[in-house]
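Text of the file model_31.txt, holding compact mmCIF, C-alpha atoms:
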# COMPACT_ATOMS: atom_id res chain seq x y z
CA MET A 1 -11.33 12.67 0.73
CA ALA A 2 -14.94 11.53 0.53
CA VAL A 3 -17.09 8.68 -0.75
CA ARG A 4 -20.18 9.40 -2.80
CA GLU A 5 -22.77 6.98 -4.14
CA LYS A 6 -24.22 7.62 -7.55
CA ALA A 7 -27.91 6.81 -7.70
CA GLY A 8 -30.31 6.83 -10.62
CA ARG A 9 -33.85 5.81 -11.43
CA ASP A 10 -35.04 2.88 -13.46
CA GLY A 11 -37.83 2.87 -16.00
CA ALA A 12 -40.52 2.60 -13.31
CA GLY A 13 -39.20 5.65 -11.50
CA ARG A 14 -37.67 3.66 -8.64
CA GLU A 15 -34.32 4.67 -7.28
CA LYS A 16 -31.57 2.25 -8.14
CA ALA A 17 -28.13 2.01 -6.57
CA GLY A 18 -24.98 2.46 -8.57
CA ARG A 19 -21.40 1.52 -7.83
CA PRO A 20 -19.98 3.74 -5.08
CA LYS A 21 -17.54 6.26 -6.46
CA VAL A 22 -14.53 7.34 -4.45
CA MET A 23 -13.57 11.00 -4.82
CA ARG A 24 -9.93 11.69 -4.04
CA MET A 25 -8.35 14.92 -2.92
CA SER A 26 -4.62 15.21 -2.40
CA VAL A 27 -3.54 16.25 1.08
CA GLU A 28 -0.32 17.78 -0.29
CA GLN A 29 -1.99 20.15 -2.75
CA PRO A 30 -2.25 22.95 -0.13
CA LEU A 31 1.53 22.64 0.37
CA TRP A 32 2.17 23.36 -3.30
CA ARG A 33 -0.09 26.42 -3.18
CA ALA A 34 1.71 27.62 -0.07
CA LEU A 35 5.07 27.07 -1.77
CA ALA A 36 4.00 29.15 -4.79
CA GLY A 37 2.95 31.99 -2.51
CA TYR A 38 6.17 31.69 -0.51
CA ARG A 39 8.30 31.99 -3.64
CA VAL A 40 6.53 35.17 -4.76
CA LEU A 41 6.68 36.80 -1.33
CA THR A 42 10.35 35.96 -0.77
CA MET A 43 11.19 37.24 -4.27
CA LEU A 44 9.48 40.55 -3.41
CA TYR A 45 11.36 40.60 -0.09
CA ALA A 46 14.71 40.20 -1.87
CA LEU A 47 13.82 42.99 -4.32
CA GLY A 48 12.71 45.22 -1.44
CA PHE A 49 15.96 44.70 0.40
CA PHE A 50 17.90 45.53 -2.75
CA ALA A 51 15.85 48.71 -3.27
CA THR A 52 16.74 49.93 0.21
CA ALA A 53 20.45 49.07 0.06
CA TYR A 54 21.40 49.23 -3.61
CA ASP A 55 23.80 52.11 -3.07
CA GLY A 56 26.08 49.86 -0.99
CA PHE A 57 26.77 47.35 -3.77
CA GLN A 58 30.20 47.58 -5.34
CA ARG A 59 29.03 46.08 -8.66
CA LEU A 60 25.48 47.22 -9.02
CA TRP A 61 25.00 45.78 -12.48
CA VAL A 62 25.63 42.22 -11.22
CA ALA A 63 22.89 42.57 -8.61
CA VAL A 64 20.47 44.18 -11.08
CA ALA A 65 21.05 41.42 -13.64
CA TYR A 66 20.50 38.71 -11.06
CA TYR A 67 17.34 40.26 -9.65
CA CYS A 68 15.89 40.60 -13.16
CA VAL A 69 16.52 36.89 -13.71
CA LEU A 70 15.07 36.05 -10.28
CA PHE A 71 11.92 38.12 -10.95
CA VAL A 72 11.25 36.56 -14.35
CA TRP A 73 12.13 33.04 -13.20
CA THR A 74 9.86 33.18 -10.14
CA LEU A 75 6.80 34.35 -12.06
CA ALA A 76 7.42 32.17 -15.11
CA THR A 77 7.80 28.99 -13.07
CA LEU A 78 4.66 29.32 -10.95
CA PRO A 79 2.90 26.62 -13.04
CA TRP A 80 5.82 24.28 -12.32
CA VAL A 81 5.14 24.41 -8.58
CA ALA A 82 1.40 23.93 -8.94
CA ASN A 83 1.53 20.19 -8.16
CA ALA A 84 3.87 17.22 -7.89
CA ALA A 85 3.36 16.14 -11.52
CA SER A 86 4.50 19.46 -13.01
CA CYS A 87 7.42 19.84 -10.58
CA THR A 88 9.91 17.68 -12.45
CA LYS A 89 13.45 16.76 -11.48
CA ARG A 90 14.80 18.95 -14.27
CA PHE A 91 12.91 21.96 -12.92
CA LEU A 92 14.13 21.29 -9.37
CA ALA A 93 17.72 21.14 -10.57
CA ALA A 94 17.37 24.40 -12.54
CA ASP A 95 15.60 26.13 -9.64
CA LEU A 96 18.29 25.13 -7.16
CA THR A 97 20.94 26.28 -9.63
CA VAL A 98 19.38 29.76 -9.71
CA ALA A 99 19.50 29.91 -5.90
CA LEU A 100 23.09 28.65 -5.65
CA ALA A 101 24.25 30.98 -8.42
CA GLY A 102 22.79 33.93 -6.51
CA ILE A 103 24.69 32.93 -3.38
CA LEU A 104 27.99 32.60 -5.27
CA LEU A 105 27.44 35.93 -7.06
CA THR A 106 27.00 37.79 -3.78
CA PRO A 107 30.77 38.41 -3.22
CA LEU A 108 31.00 39.88 -6.73
CA ALA A 109 28.09 42.27 -6.24
CA ASP A 110 28.31 43.21 -2.57
CA THR A 111 31.15 44.58 -0.47
CA HIS A 112 33.37 42.33 1.61
CA GLU A 113 32.61 44.30 4.78
CA ARG A 114 28.86 43.81 4.52
CA ILE A 115 29.28 40.10 3.77
CA GLN A 116 31.50 39.62 6.83
CA SER A 117 29.08 41.56 9.01
CA GLY A 118 26.33 39.04 8.21
CA GLY A 119 24.59 40.70 5.29
CA PRO A 120 22.14 38.58 3.30
CA THR A 121 22.97 36.88 0.02
CA LEU A 122 21.37 38.05 -3.24
CA PRO A 123 18.50 35.51 -3.16
CA SER A 124 18.20 35.85 0.61
CA ILE A 125 15.38 33.64 2.01
CA TRP A 126 14.14 32.85 -1.51
CA THR A 127 16.67 29.98 -1.45
CA ALA A 128 14.57 28.16 1.13
CA GLY A 129 11.76 27.89 -1.44
CA SER A 130 13.96 25.79 -3.70
CA VAL A 131 14.83 23.47 -0.83
CA LEU A 132 11.17 23.17 0.20
CA ALA A 133 10.26 22.20 -3.36
CA PHE A 134 12.67 19.27 -3.03
CA ALA A 135 11.09 18.34 0.32
CA ILE A 136 7.50 18.36 -0.98
CA LYS A 137 8.39 16.53 -4.17
CA GLY A 138 10.69 13.79 -2.88
CA GLY A 139 10.50 13.71 0.91
CA TRP A 140 13.16 14.18 3.53
CA ARG A 141 16.00 12.53 1.56
CA TRP A 142 15.65 14.98 -1.32
CA ALA A 143 15.38 17.81 1.20
CA ALA A 144 18.60 16.70 2.92
CA PHE A 145 20.41 16.64 -0.43
CA ALA A 146 19.28 20.14 -1.47
CA SER A 147 19.81 21.75 1.94
CA THR A 148 23.31 20.25 2.17
CA LEU A 149 24.25 21.83 -1.16
CA VAL A 150 22.90 25.18 0.04
CA ALA A 151 24.89 24.83 3.27
CA VAL A 152 28.14 24.12 1.42
CA VAL A 153 27.67 27.04 -0.99
CA ASN A 154 26.82 29.40 1.88
CA LEU A 155 30.03 28.45 3.68
CA VAL A 156 32.01 28.99 0.50
CA GLU A 157 30.40 32.42 0.01
CA ARG A 158 31.17 33.54 3.56
CA GLY A 159 34.71 32.21 3.52
CA THR A 160 34.59 31.55 7.27
CA PRO A 161 31.96 29.61 9.26
CA ALA A 162 30.39 32.57 11.06
CA ARG A 163 27.84 32.00 13.79
CA ASP A 164 24.94 33.55 11.85
CA THR A 165 25.78 31.49 8.77
CA ILE A 166 25.87 28.21 10.68
CA HIS A 167 22.62 29.13 12.44
CA ASN A 168 20.82 29.82 9.16
CA VAL A 169 22.22 26.71 7.49
CA ILE A 170 21.13 24.42 10.32
CA LEU A 171 17.70 26.08 10.44
CA VAL A 172 17.08 25.45 6.72
CA TRP A 173 18.48 21.94 6.94
CA VAL A 174 16.33 20.86 9.91
CA ALA A 175 13.16 22.59 8.69
CA SER A 176 13.35 21.13 5.18
CA ILE A 177 13.99 17.59 6.42
CA ALA A 178 11.13 17.87 8.93
CA ILE A 179 8.74 19.09 6.21
CA GLY A 180 9.90 16.32 3.86
CA TYR A 181 9.25 13.70 6.52
CA VAL A 182 5.78 15.11 7.25
CA VAL A 183 4.99 14.99 3.52
CA GLU A 184 5.98 11.31 3.36
CA VAL A 185 3.79 10.49 6.36
CA ALA A 186 0.89 12.43 4.86
CA ARG A 187 1.19 10.56 1.56
CA ALA A 188 1.26 7.18 3.33
CA SER A 189 -1.80 8.15 5.37
CA GLU A 190 -3.59 9.31 2.23
CA ARG A 191 -2.91 6.01 0.48
CA THR A 192 -4.10 4.03 3.50
CA LEU A 193 -7.28 6.08 3.77
CA ALA A 194 -7.94 5.74 0.03
CA ARG A 195 -7.62 1.97 0.24
CA ALA A 196 -9.90 1.83 3.28
CA LEU A 197 -12.53 3.84 1.43
CA GLU A 198 -12.16 1.62 -1.64
CA ILE A 199 -12.67 -1.48 0.49
CA GLU A 200 -15.65 0.10 2.24
CA ALA A 201 -17.23 1.05 -1.07
CA ALA A 202 -16.58 -2.43 -2.49
CA THR A 203 -18.06 -4.03 0.63
CA ARG A 204 -21.26 -2.01 0.33
CA GLU A 205 -21.56 -2.95 -3.33
CA ARG A 206 -20.94 -6.60 -2.51
CA GLU A 207 -23.65 -6.51 0.16
CA ARG A 208 -26.10 -5.13 -2.39
CA LEU A 209 -25.18 -7.87 -4.86
CA ALA A 210 -25.46 -10.48 -2.11
CA ARG A 211 -29.03 -9.37 -1.38
CA ASP A 212 -29.94 -9.62 -5.05
CA ILE A 213 -28.30 -13.04 -5.38
CA HIS A 214 -30.01 -14.28 -2.24
CA ASP A 215 -33.40 -13.18 -3.55
CA SER A 216 -32.93 -14.87 -6.91
CA VAL A 217 -30.09 -17.31 -7.66
CA LEU A 218 -29.73 -18.93 -4.22
CA GLN A 219 -33.45 -19.53 -3.90
CA VAL A 220 -33.58 -21.14 -7.34
CA LEU A 221 -30.64 -23.41 -6.51
CA ALA A 222 -32.24 -24.40 -3.21
CA MET A 223 -35.51 -25.21 -5.00
CA VAL A 224 -33.67 -27.34 -7.60
CA GLN A 225 -31.91 -29.21 -4.79
CA ARG A 226 -35.18 -29.99 -2.99
CA ARG A 227 -37.01 -31.04 -6.15
CA GLY A 228 -34.10 -33.17 -7.30
CA ALA A 229 -33.98 -34.99 -3.97
CA VAL A 230 -37.69 -35.78 -4.29
CA LEU A 231 -37.53 -36.96 -7.93
CA GLY A 232 -34.31 -38.99 -7.59
CA GLY A 233 -32.31 -40.46 -10.47
CA GLU A 234 -30.64 -37.95 -12.80
CA ALA A 235 -32.74 -35.18 -11.26
CA GLY A 236 -31.34 -36.14 -7.87
CA GLU A 237 -27.78 -35.83 -9.18
CA LEU A 238 -28.68 -32.45 -10.67
CA GLY A 239 -30.14 -31.43 -7.33
CA ARG A 240 -26.99 -32.51 -5.52
CA MET A 241 -24.85 -30.41 -7.86
CA ALA A 242 -27.21 -27.45 -7.41
CA GLY A 243 -26.82 -27.82 -3.64
CA GLU A 244 -23.05 -27.75 -3.88
CA GLN A 245 -23.17 -24.65 -6.05
CA GLU A 246 -25.56 -23.00 -3.59
CA VAL A 247 -23.15 -23.59 -0.71
CA ALA A 248 -20.15 -22.31 -2.70
CA LEU A 249 -22.01 -19.23 -3.92
CA ARG A 250 -23.36 -18.48 -0.45
CA ALA A 251 -19.84 -18.68 1.01
CA LEU A 252 -18.53 -16.42 -1.73
CA VAL A 253 -21.11 -13.64 -1.34
CA SER A 254 -21.16 -13.72 2.47
CA GLY A 255 -17.43 -14.10 3.13
CA GLY A 256 -16.45 -10.47 2.59
CA LEU A 257 -13.50 -11.45 0.40
CA VAL A 258 -11.24 -8.92 -1.28
CA PRO A 259 -12.10 -8.84 -5.02
CA GLU A 260 -9.37 -10.04 -7.39
CA SER A 261 -9.47 -6.70 -9.24
CA ARG A 262 -8.48 -4.95 -6.04
CA GLU A 263 -5.96 -7.54 -4.91
CA TRP A 264 -3.05 -5.29 -5.92
CA GLN A 265 -4.44 -2.48 -3.74
CA TYR A 266 -4.72 -4.92 -0.84
CA ALA A 267 -1.10 -5.96 -1.39
CA GLU A 268 0.04 -2.33 -1.20
CA ALA A 269 -2.03 -1.80 1.95
CA VAL A 270 -0.36 -4.79 3.63
CA HIS A 271 3.07 -3.54 2.54
CA ALA A 272 2.34 -0.05 3.89
CA ALA A 273 1.25 -1.58 7.18
CA GLY A 274 4.67 -3.24 7.52
CA GLU A 275 3.93 -6.83 6.54
CA SER A 276 7.11 -8.66 5.59
CA ALA A 277 5.58 -11.17 3.17
CA PRO A 278 6.15 -10.15 -0.45
CA ASP A 279 3.26 -10.09 -2.93
CA PRO A 280 0.59 -10.99 -0.33
CA VAL A 281 -2.76 -12.57 -1.15
CA ASP A 282 -5.87 -13.17 0.94
CA LEU A 283 -5.74 -16.89 1.78
CA ARG A 284 -9.55 -17.04 2.01
CA THR A 285 -9.90 -16.41 -1.74
CA LEU A 286 -7.97 -19.66 -2.41
CA LEU A 287 -9.83 -21.80 0.13
CA VAL A 288 -13.44 -20.72 -0.43
CA PRO A 289 -13.81 -22.80 -3.67
CA TYR A 290 -13.43 -25.95 -1.52
CA ALA A 291 -16.76 -25.22 0.21
CA THR A 292 -19.49 -27.63 -0.93
CA SER A 293 -22.62 -29.18 0.50
CA THR A 294 -20.40 -31.63 2.43
CA VAL A 295 -17.48 -29.29 3.20
CA THR A 296 -18.07 -26.40 5.60
CA PHE A 297 -15.68 -23.45 5.35
CA SER A 298 -15.19 -21.22 8.39
CA GLU A 299 -13.05 -18.08 8.08
CA PRO A 300 -12.13 -14.89 9.96
CA GLY A 301 -14.10 -11.78 9.09
CA THR A 302 -10.96 -9.93 7.98
CA PRO A 303 -8.40 -10.73 5.24
CA VAL A 304 -5.75 -13.34 6.02
CA PRO A 305 -2.56 -12.06 4.32
CA LEU A 306 0.04 -14.57 3.23
CA ALA A 307 2.74 -14.59 0.58
CA ARG A 308 1.24 -15.72 -2.73
CA ALA A 309 3.53 -18.75 -3.16
CA ALA A 310 2.97 -19.87 0.45
CA ALA A 311 -0.80 -19.37 0.15
CA LYS A 312 -0.94 -21.52 -3.00
CA GLU A 313 1.07 -24.30 -1.37
CA LEU A 314 -1.11 -24.19 1.75
CA ALA A 315 -4.28 -24.30 -0.37
CA ALA A 316 -2.85 -27.29 -2.28
CA ALA A 317 -2.18 -29.06 1.03
CA VAL A 318 -5.79 -28.43 2.07
CA GLY A 319 -6.94 -29.84 -1.27
CA ALA A 320 -4.80 -32.94 -0.70
CA ALA A 321 -6.33 -33.39 2.76
CA LEU A 322 -9.85 -33.17 1.29
CA ASP A 323 -8.90 -35.67 -1.42
CA ASN A 324 -7.92 -38.09 1.35
CA VAL A 325 -11.28 -37.51 3.03
CA ARG A 326 -13.18 -38.39 -0.17
CA LYS A 327 -10.93 -41.36 -0.88
CA HIS A 328 -10.84 -42.98 2.55
CA ALA A 329 -13.98 -41.68 4.30
CA GLY A 330 -16.33 -41.90 1.32
CA GLU A 331 -18.25 -39.40 -0.78
CA GLY A 332 -20.87 -38.91 1.93
CA ALA A 333 -18.39 -37.94 4.65
CA ARG A 334 -18.57 -34.40 5.95
CA ALA A 335 -15.52 -32.18 6.36
CA TRP A 336 -14.83 -28.85 7.99
CA ILE A 337 -12.17 -26.25 7.11
CA LEU A 338 -11.25 -23.74 9.81
CA VAL A 339 -8.89 -20.81 9.16
CA GLU A 340 -7.21 -19.07 12.12
CA ASP A 341 -5.12 -15.92 11.67
CA GLU A 342 -2.52 -15.88 14.45
CA PRO A 343 -0.09 -12.96 15.00
CA ASP A 344 2.91 -14.82 13.51
CA SER A 345 1.34 -17.71 11.64
CA VAL A 346 -1.73 -18.97 9.81
CA VAL A 347 -3.39 -22.20 10.99
CA VAL A 348 -5.77 -24.18 8.77
CA THR A 349 -7.53 -27.19 10.26
CA VAL A 350 -9.23 -29.84 8.10
CA ARG A 351 -11.47 -32.20 10.07
CA ASP A 352 -13.78 -35.00 8.90
CA ASP A 353 -16.30 -37.39 10.46
CA GLY A 354 -14.92 -40.48 8.73
CA PRO A 355 -13.83 -43.75 10.32
CA GLY A 356 -10.37 -42.44 11.16
CA ILE A 357 -6.96 -43.94 10.38
CA PRO A 358 -5.79 -47.11 12.11
CA GLU A 359 -2.59 -46.80 14.10
CA GLY A 360 0.49 -47.37 11.98
CA ARG A 361 -1.40 -47.13 8.71
CA LEU A 362 0.41 -43.95 7.59
CA ALA A 363 3.85 -45.47 8.16
CA GLN A 364 2.76 -48.59 6.27
CA ALA A 365 1.48 -46.51 3.34
CA GLU A 366 4.72 -44.55 3.20
CA GLY A 367 6.72 -47.76 3.20
CA GLU A 368 4.60 -49.04 0.29
CA GLY A 369 5.43 -45.91 -1.72
CA ARG A 370 2.10 -44.14 -1.26
CA LEU A 371 3.27 -40.69 -0.19
CA GLY A 372 0.06 -38.69 -0.29
CA VAL A 373 0.26 -37.45 3.28
CA ALA A 374 4.07 -37.45 3.46
CA GLN A 375 4.65 -35.41 0.30
CA SER A 376 1.40 -33.65 -0.64
CA ILE A 377 0.79 -32.35 2.87
CA ARG A 378 3.82 -32.60 5.15
CA GLY A 379 6.32 -31.99 2.35
CA ARG A 380 4.62 -28.77 1.29
CA LEU A 381 4.46 -27.47 4.84
CA ARG A 382 8.07 -28.41 5.53
CA ASP A 383 9.25 -26.46 2.48
CA LEU A 384 7.43 -23.40 3.85
CA GLY A 385 8.98 -23.75 7.29
CA GLY A 386 5.63 -24.84 8.67
CA ASP A 387 4.25 -27.95 10.30
CA ALA A 388 1.50 -30.49 9.62
CA GLU A 389 0.02 -32.37 12.56
CA LEU A 390 -2.36 -35.28 11.97
CA ILE A 391 -4.62 -36.54 14.73
CA SER A 392 -6.83 -39.55 14.05
CA VAL A 393 -8.83 -41.78 16.36
CA PRO A 394 -10.48 -44.87 14.86
CA GLY A 395 -14.21 -44.29 14.63
CA GLN A 396 -13.94 -40.58 15.46
CA GLY A 397 -12.61 -39.05 12.25
CA THR A 398 -9.35 -37.36 11.34
CA GLU A 399 -8.03 -33.87 11.98
CA VAL A 400 -5.15 -32.30 10.04
CA GLU A 401 -3.71 -29.06 11.44
CA LEU A 402 -1.56 -27.08 8.99
CA THR A 403 0.57 -24.25 10.39
CA VAL A 404 2.48 -21.81 8.15
CA PRO A 405 4.53 -18.84 9.44
CA LYS A 406 3.64 -15.50 7.88
CA ASP A 407 7.27 -14.62 7.19
CA THR A 408 8.10 -17.67 5.10
CA ARG A 409 11.34 -16.16 3.80
CA THR A 410 13.10 -16.27 7.19
CA THR A 411 11.91 -19.75 8.07
CA ARG A 412 12.73 -21.11 4.61
CA GLY A 413 16.27 -19.72 4.89
CA LYS A 414 16.70 -21.44 8.25
CA ALA A 415 15.42 -24.72 6.80
CA GLU A 416 17.85 -24.52 3.89
CA ARG A 417 20.78 -23.85 6.24
CA ARG A 418 19.84 -26.93 8.25
Here is a file; write its structure as structure tokens.
Amino acid sequence: MAVREKAGRDGAGREKAGRPKVMRMSVEQPLWRALAGYRVLTMLYALGFFATAYDGFQRLWVAVAYYCVLFVWTLATLPWVANAASCTKRFLAADLTVALAGILLTPLADTHERIQSGGPTLPSIWTAGSVLAFAIKGGWRWAAFASTLVAVVNLVERGTPARDTIHNVILVWVASIAIGYVVEVARASERTLARALEIEAATRERERLARDIHDSVLQVLAMVQRRGAVLGGEAGELGRMAGEQEVALRALVSGGLVPESREWQYAEAVHAAGESAPDPVDLRTLLVPYATSTVTFSEPGTPVPLARAAAKELAAAVGAALDNVRKHAGEGARAWILVEDEPDSVVVTVRDDGPGIPEGRLAQAEGEGRLGVAQSIRGRLRDLGGDAELISVPGQGTEVELTVPKDTRTTRGKAERR
């Protein structure tokens, strides 16, 4: 798998960058080619064995008819084992039927003495190709199913569980399951690598866009802010709004956030990595819009995965905390949002430089029916199994620490049982 960047030239002959293009190559494709070769070689092996021992068959015409079918079937179905898409369930069932039929026809074609002495079945080792097709297509569970059927039919064909029969059955069973497991691991690794390359390519493109935005839009917004502050009046208000947009845009282009169009890929990556939260979302994408000229947003450099419902509730609690800052500390008060990604939880701290909350004021407000902090903040966190801690010192501002566990399903179930 490789990443290539397409580059072109503009009208002035300068090289211009294009969106990085990710080229994918399946790691399992060589397995399908090897399987096709294996089927042909084992078919020739079965025909060669028959050619050297045909005079010992008691019903020669049964063996000849089966080998004709096996020869035509093997060559005609080579396109079906070219890749996973063409190898359908219907083909796998028909292919395994051909192998099992050959095993069951062996007592009709061959002599009882040669069967009891450990002679091969009509398809011989060609049967393993059918089982391997199940392993490559569906993983170790499909391989276990197919190899178990082969084992049962082999025991029926022999009549008695001879040592050689049991040895061959166990060998096919273990080998097919091992190959199926390796295929599943290879596919998971391929998906993880593909997502990593997608994120890397998107990051490089975002960095290029950030440079262009910095050289144009951000500078214009900064100039409007400065000029508006000098002119005052309506121009000052326009400058203030331009400053807020500059801060929000700067946080967006420099934060390294996962794009919304790739959010589903990020969710699959988190699921493949073993995260328990269903339908995860990067919490930073929900909090970055709160960044303004008076609100500073600080975030980790890597995604902060959280279940979508929990992330929305946590973002709403942060919004409620900022509303309290504007309402009680004034429009000019500064606030800071800090996101911390702990191993088992996510902690978001909202701090301001306002006058603080007098002691007992929250209990008084709750008694008067004003439940902003009790319901909008603590209620949301309690429903998620989290916790909201408020620390306020008169004259030194207020700090709200919101803690949400990453596995909200377990904690919510415990809360409901209580």
(message) What does the structure give for the distance between atom CA of A:Val288 and atom CA of A:Trp336, in Å to one decimal?
(response)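 Taking atom CA of A:Val288 as the start and atom CA of A:Trp336 as the end point, the length is 11.8 Å.
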(request) Find, counting all atoms listed in the file, the residue in A:Ala65, A:Val400, A:Val150, A:Leu381 that gets nearest to A:Leu104. (result)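 Once distances to A:Leu104 are computed over all atoms listed in the file, the minimum belongs to A:Val150.
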(request) For A:Glu331, work out the shell of residues within 12 Å, counting only C-alpha atoms and skipping chain neighbours fewer than 2 positions away, then give it as a ChimeraX atom specification. (result) /A:292-295,322-329,333-335,352-354
Let me see the file: selected residues, C-alpha atoms, as an mmCIF file, in the frame of the given file.
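The resulting selection38.cif:
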data_model
loop_
_atom_site.group_PDB
_atom_site.id
_atom_site.type_symbol
_atom_site.label_atom_id
_atom_site.label_comp_id
_atom_site.auth_asym_id
_atom_site.auth_seq_id
_atom_site.Cartn_x
_atom_site.Cartn_y
_atom_site.Cartn_z
ATOM 1 C CA THR A 292 -19.490 -27.630 -0.930
ATOM 2 C CA SER A 293 -22.620 -29.180 0.500
ATOM 3 C CA THR A 294 -20.400 -31.630 2.430
ATOM 4 C CA VAL A 295 -17.480 -29.290 3.200
ATOM 5 C CA LEU A 322 -9.850 -33.170 1.290
ATOM 6 C CA ASP A 323 -8.900 -35.670 -1.420
ATOM 7 C CA ASN A 324 -7.920 -38.090 1.350
ATOM 8 C CA VAL A 325 -11.280 -37.510 3.030
ATOM 9 C CA ARG A 326 -13.180 -38.390 -0.170
ATOM 10 C CA LYS A 327 -10.930 -41.360 -0.880
ATOM 11 C CA HIS A 328 -10.840 -42.980 2.550
ATOM 12 C CA ALA A 329 -13.980 -41.680 4.300
ATOM 13 C CA ALA A 333 -18.390 -37.940 4.650
ATOM 14 C CA ARG A 334 -18.570 -34.400 5.950
ATOM 15 C CA ALA A 335 -15.520 -32.180 6.360
ATOM 16 C CA ASP A 352 -13.780 -35.000 8.900
ATOM 17 C CA ASP A 353 -16.300 -37.390 10.460
ATOM 18 C CA GLY A 354 -14.920 -40.480 8.730
#
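Comparing A:Lys312, A:Arg351, A:Arg378, A:Arg59 by their smallest distance to A:Glu399, the closest is A:Arg351 (using all atoms listed in the file).
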